[in-house]
Amino acid sequence: MMLRHIAVAAGALLASLATPAMAQGSLNMLCAPQADWCEAIAAGFQRDTGIRVNMARKSAGEILAQIRAESQNPRTDVWFGASAETHISAGDLLQPYTSPNMAQLQPWAQRAHQASGGRCVGVSSGAIGIAYNTEVMARRNLPIPRSWEDLAGPAYRGEVQLPNPNSSGTAYTIIAGLVQLWDEDRAFEYLKRLNANVNAYTRSGAAPMQAVARGETALAASFNMETASMANAGFPIEMVYPSEGTSYEVACLSIIRGARNLAQARRFVDWYLTPAAMDIGVTANQFHVPAHPGAAPHPRIPDLSQIRLVDYDFAKYGDPEVRRRILARWDREIGSLPR
């Protein structure tokens, strides 16, 4: 009898050791940044907590559409990445949460939390610039653009690639930044002129920069951290910041209202708002400005203080009605134009 009890106990112990992730539960995550970073974050959290992570990488617009479609029966627990205004536009589809680690973050990360009514928190930042392939520019004898106006000049006819704002948070950040830099009518007049130089509007925000890196197009508007990643990988890509000023993002992290794994989702937020978790980005060749000041510095992480940034109103441009109106105007006035 005693031997049987010992055998049963040993079997139970071995079973618990063999399935630590199941013992800790699971987490369903939608992730907007580059796939390598998303996978590294998921693996890091699973390693540190034993919580099994089911992760899917999608663009910001696709994530927002999925969350809306699943609102009556949420299948997602956590949304990682994409700009604050994209999270804000989700409104009540997100679950307010204030992590005990939030007080240690950069002020811009905390402002995103306040602007969203506690529904998201900033995790990283980066600015929009004009990326170009140095070899293609030299081969085609193209001048380096120094401003938004330069980019719309006739020298770059068919040489520019941009993302589509219906699926790309990067594109929406670019357009909303131009609206705040000038005004809405002037911004759309500029986008109409720029359209003559655009060879494609891509589904994701990273795709144009990747096309520049491979030499498939000469120029693109993209985030500086994306360009830094490609340069670090050895591609002949550099970036300039428009002299008029440019927009920037605060990428956010949020919990979905009605999340089936709420405890695990809160634990993920707490985990990510630490220096060690934010350092994962650099190991995955991602050079976003981290929200935690204690994260390890790296020379390829951009210095935002050296860039002329617009005074970006995340609450206004995250308003669902404002977003719908801007996207509808883009479809009507830009997306329908011939190229």
# chains A, B, ... in the order shown; residues from 1 in each chain; ligands from 1
call {"tool": "residues_around", "arguments": {"residues": "Ile237 of chain A", "least_positions_apart": "2", "cutoff": "9 Å", "atoms": "only C-alpha atoms", "output": "list of chain:residue names"}}
result
A:Ala131, A:Tyr132, A:Asn133, A:Thr134, A:Glu135, A:Met209, A:Val212, A:Ala213, A:Arg214, A:Thr227, A:Ala228, A:Met230, A:Ala231, A:Gly234, A:Phe235, A:Met239
call {"tool": "write_last_selection", "arguments": {"atoms": "N, CA and C atoms", "output": "CSV table (one decimal), in the first residue's frame"}}
result
chain,number,residue,atom,x,y,z
A,131,ALA,N,13.1,57.1,-45.4
A,131,ALA,CA,14.1,56.1,-45.6
A,131,ALA,C,14.5,56.0,-47.1
A,132,TYR,N,15.8,55.8,-47.3
A,132,TYR,CA,16.2,55.7,-48.7
A,132,TYR,C,17.3,54.7,-48.8
A,133,ASN,N,17.4,54.1,-50.0
A,133,ASN,CA,18.5,53.1,-50.3
A,133,ASN,C,19.6,53.9,-50.9
A,134,THR,N,20.8,53.9,-50.2
A,134,THR,CA,21.9,54.7,-50.7
A,134,THR,C,22.4,54.3,-52.1
A,135,GLU,N,22.4,53.0,-52.3
A,135,GLU,CA,22.9,52.5,-53.6
A,135,GLU,C,22.0,52.8,-54.7
A,209,MET,N,9.6,50.0,-46.1
A,209,MET,CA,11.0,50.1,-45.6
A,209,MET,C,11.8,48.9,-46.0
A,212,VAL,N,12.6,49.2,-49.6
A,212,VAL,CA,13.8,50.1,-49.8
A,212,VAL,C,15.1,49.4,-49.5
A,213,ALA,N,15.1,48.6,-48.4
A,213,ALA,CA,16.3,47.9,-48.0
A,213,ALA,C,16.7,47.0,-49.1
A,214,ARG,N,15.8,46.3,-49.8
A,214,ARG,CA,16.1,45.3,-50.8
A,214,ARG,C,16.4,46.0,-52.1
A,227,THR,N,14.0,51.3,-39.7
A,227,THR,CA,15.2,51.6,-40.6
A,227,THR,C,16.5,51.2,-39.9
A,228,ALA,N,16.6,51.5,-38.6
A,228,ALA,CA,17.7,51.1,-37.8
A,228,ALA,C,17.9,49.6,-37.8
A,230,MET,N,17.0,47.5,-40.2
A,230,MET,CA,17.5,47.0,-41.5
A,230,MET,C,19.0,47.4,-41.7
A,231,ALA,N,19.3,48.6,-41.2
A,231,ALA,CA,20.7,49.0,-41.3
A,231,ALA,C,21.6,48.1,-40.5
A,234,GLY,N,22.7,45.1,-42.2
A,234,GLY,CA,23.6,45.2,-43.3
A,234,GLY,C,23.1,45.8,-44.6
A,235,PHE,N,21.8,46.2,-44.6
A,235,PHE,CA,21.2,46.7,-45.8
A,235,PHE,C,21.7,48.2,-46.0
A,239,MET,N,18.2,57.2,-43.2
A,239,MET,CA,17.0,58.0,-43.0
A,239,MET,C,17.3,59.4,-42.7
call {"tool": "residues_around", "arguments": {"residues": "segment 120-130 of chain A", "least_positions_apart": "2", "cutoff": "6 Å", "atoms": "only C-alpha atoms", "output": "list in words"}}
result
Ala109, Ala112, His113, Gly118, Ala220, Ala221, Ser222, Phe223, Asn224, Met239, Val240, Tyr241, Ser247, Tyr248, Glu249, Val250, Ala251, Cys252, Leu253, Ser254, His288, Val289, Pro290 and Ala291 of chain A
call {"tool": "select_by_dssp", "arguments": {"residues": "segment 79-322 of chain A", "states": "strand (DSSP E)", "output": "JSON, numbers by chain"}}
result
{"A": [79, 80, 81, 82, 83, 94, 95, 120, 121, 122, 123, 124, 125, 126, 127, 128, 129, 130, 131, 132, 133, 160, 161, 162, 163, 198, 199, 200, 201, 202, 219, 220, 221, 222, 223, 237, 238, 239, 240, 248, 249, 250, 251, 252, 253, 254, 255, 256, 289, 290]}
call {"tool": "closest_residue", "arguments": {"among": "A:Gly44, A:Gly117, A:Pro299, A:Gly294", "to": "Tyr97 of chain A", "atoms": "only C-alpha atoms"}}
result
A:Gly117
call {"tool": "closest_residue", "arguments": {"among": "A:Tyr317, A:Trp108, A:Trp330, A:Phe45", "to": "Tyr190 of chain A", "atoms": "only C-alpha atoms"}}
result
A:Trp330
call {"tool": "select_by_dssp", "arguments": {"residues": "segment 44-243 of chain A", "states": "alpha helix (DSSP H)", "output": "number ranges by chain"}}
result
A: 44-49, 60-69, 84-90, 107-115, 134-139, 148-151, 169-181, 184-195, 206-213, 224-232
call {"tool": "atom_distance", "arguments": {"atom1": "atom CA of Ile334 of chain A", "atom2": "atom CA of Lys192 of chain A"}}
result
6.0 Å
call {"tool": "closest_residue", "arguments": {"among": "A:Ala196, A:Cys38, A:Val179, A:Leu30", "to": "Pro154 of chain A", "atoms": "only C-alpha atoms"}}
result
A:Ala196
call {"tool": "atom_distance", "arguments": {"atom1": "atom CA of Pro33 of chain A", "atom2": "atom CA of Ala187 of chain A"}}
result
26.7 Å
